[in-house]
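Engineer: Got query-v1.tsv for you, TSV, C-alpha atoms:
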chain	number	residue	atom	x	y	z
Q	1	MET	CA	77.58	10.98	-153.14
Q	2	ASN	CA	78.49	8.79	-150.20
Q	3	LEU	CA	78.11	5.01	-150.38
Q	4	TYR	CA	77.57	2.91	-147.26
Q	5	ALA	CA	77.41	-0.88	-147.03
Q	6	THR	CA	76.27	-2.99	-144.10
Q	7	LEU	CA	75.86	-6.64	-143.21
Q	8	LEU	CA	72.97	-7.31	-140.83
Q	9	GLN	CA	72.09	-10.46	-138.94
Q	10	ARG	CA	68.51	-11.13	-137.87
Q	11	GLY	CA	67.51	-8.54	-135.25
Q	12	GLU	CA	70.52	-6.27	-135.76
Q	13	GLU	CA	69.84	-2.68	-136.68
Q	14	VAL	CA	71.65	0.35	-138.00
Q	15	VAL	CA	70.46	3.96	-138.14
Q	16	HIS	CA	71.62	6.57	-140.63
Q	17	ARG	CA	70.77	10.25	-140.31
Q	18	ARG	CA	70.81	12.01	-143.67
Q	19	LEU	CA	71.74	15.66	-143.90
Q	20	GLU	CA	68.96	18.05	-144.79
Q	21	ASN	CA	68.33	18.56	-148.53
Q	22	ARG	CA	69.89	15.20	-149.50
Q	23	TYR	CA	68.24	12.15	-150.99
Q	24	GLY	CA	69.04	8.50	-150.67
Q	25	TRP	CA	68.65	5.12	-152.31
Q	26	VAL	CA	68.61	1.85	-150.36
Q	27	GLN	CA	69.36	-1.37	-152.26
Q	28	VAL	CA	69.01	-4.81	-150.68
Q	29	ALA	CA	71.69	-6.98	-152.28
Q	30	ARG	CA	70.98	-10.10	-150.21
Q	31	GLY	CA	68.50	-11.22	-147.55
Q	32	SER	CA	65.66	-9.14	-146.11
Q	33	VAL	CA	65.32	-6.08	-143.88
Q	34	THR	CA	62.81	-3.52	-142.75
Q	35	LEU	CA	63.47	0.12	-143.59
Q	36	ASN	CA	61.53	2.40	-141.22
Q	37	ASP	CA	59.06	-0.52	-140.72
Q	38	ARG	CA	58.73	-1.17	-144.49
Q	39	PRO	CA	59.70	-4.74	-145.46
Q	40	LEU	CA	62.28	-5.13	-148.23
Q	41	THR	CA	63.73	-8.31	-149.71
Q	42	GLU	CA	66.65	-9.24	-151.95
Q	43	GLY	CA	66.68	-7.12	-155.09
Q	44	ASP	CA	64.39	-4.40	-153.69
Q	45	GLY	CA	65.44	-0.78	-153.94
Q	46	VAL	CA	63.73	2.31	-152.59
Q	47	ALA	CA	64.25	6.05	-152.96
Q	48	CYS	CA	64.42	7.96	-149.68
Q	49	GLY	CA	63.31	11.55	-149.36
Q	50	GLY	CA	61.51	13.35	-146.60
Q	51	SER	CA	62.47	11.41	-143.48
Q	52	GLN	CA	65.95	12.28	-142.25
Q	53	LEU	CA	66.28	9.11	-140.16
Q	54	LEU	CA	66.73	5.76	-141.92
Q	55	LYS	CA	66.47	2.72	-139.65
Q	56	LEU	CA	67.38	-0.69	-141.11
Q	57	VAL	CA	66.61	-3.88	-139.17
Q	58	GLY	CA	67.75	-7.31	-140.36
Q	59	GLU	CA	64.93	-9.82	-140.79
Q	60	GLU	CA	67.34	-12.47	-142.08
Q	61	ASN	CA	71.04	-12.23	-142.90
Q	62	ALA	CA	71.27	-9.25	-145.24
Q	63	GLU	CA	73.68	-7.12	-147.22
Q	64	VAL	CA	72.44	-3.59	-147.87
Q	65	LEU	CA	73.80	-0.59	-149.78
Q	66	LEU	CA	72.85	3.00	-148.99
Q	67	PHE	CA	73.57	5.71	-151.53
Q	68	ASP	CA	73.48	9.14	-149.84
Q	69	LEU	CA	72.97	11.53	-152.75
Q	70	GLY	CA	73.33	15.31	-152.92
Could you take the file, read its structure, and then write that structure out as structure tokens?
Structural biologist:
Amino acid sequence: MNLYATLLQRGEEVVHRRLENRYGWVQVARGSVTLNDRPLTEGDGVACGGSQLLKLVGEENAEVLLFDLG
């Protein structure tokens, strides 16, 4: 498992490319973001399979954790 953390301001974005055959979990600790155009707010978590590209965009100041799981 790899754990990534990011702080995003409104309009900032970060892209993570997962390796094939891995899964992920995104947890919004604070604020709000969009994940591949899906809105998420504080406390939301989402499992990530399928898409290899994860694009997070800050909608308001946010703190986000990404668990890259084997």
Engineer: Looking at only C-alpha atoms, which of Q:Met1, Q:Leu69, Q:Val64, Q:Ala47 is the one that sits closest to Trp25 in chain Q?
Structural biologist: Q:Ala47
Engineer: Once you count only C-alpha atoms, which residues end up no further than 12 Å from (72.3, -0.9, -139.6) in the file's frame, shown as a ChimeraX atom specification?
Structural biologist: /Q:4-17,26,33-36,53-59,61-66
Engineer: What is the CA of Gly50 in chain Q to CA of Tyr23 in chain Q distance in Å?
Structural biologist: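 Going from CA of Gly50 in chain Q over to CA of Tyr23 in chain Q covers 8.1 Å.
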Engineer: Report the distance between CA of Gln52 in chain Q and CA of Leu40 in chain Q in Å, rounded to one decimal place.
Structural biologist: 18.8 Å
Engineer: Centre and edge lengths of an axis-aligned box around all listed atoms of range 53-62 of chain Q, with 3 Å added on each side, are to be given in Å to one decimal, as JSON.
Structural biologist:
{"center_x": 68.1, "center_y": -1.7, "center_z": -142.2, "size_x": 12.3, "size_y": 27.6, "size_z": 12.1}
Engineer: Residues within 12 Å of (67.2, 21.5, -147.2), file coordinates, counting only C-alpha atoms: what are they? Give the list as a short mmCIF file (atom, residue, chain, number, x, y, z; two decimals) with C-alpha atoms, in the coordinates of the input.
Structural biologist:
data_model
loop_
_atom_site.label_atom_id
_atom_site.label_comp_id
_atom_site.auth_asym_id
_atom_site.auth_seq_id
_atom_site.Cartn_x
_atom_site.Cartn_y
_atom_site.Cartn_z
CA ARG Q 18 70.81 12.01 -143.67
CA LEU Q 19 71.74 15.66 -143.90
CA GLU Q 20 68.96 18.05 -144.79
CA ASN Q 21 68.33 18.56 -148.53
CA ARG Q 22 69.89 15.20 -149.50
CA TYR Q 23 68.24 12.15 -150.99
CA GLY Q 49 63.31 11.55 -149.36
CA GLY Q 50 61.51 13.35 -146.60
CA SER Q 51 62.47 11.41 -143.48
CA GLN Q 52 65.95 12.28 -142.25
CA GLY Q 70 73.33 15.31 -152.92
#
Engineer: Counting all atoms listed in the file, what is within 6 Å of Val28 in chain Q, bar same-chain residues fewer than 4 positions away, as a PyMOL selection string?
Structural biologist: chain Q and resi 42-44+64
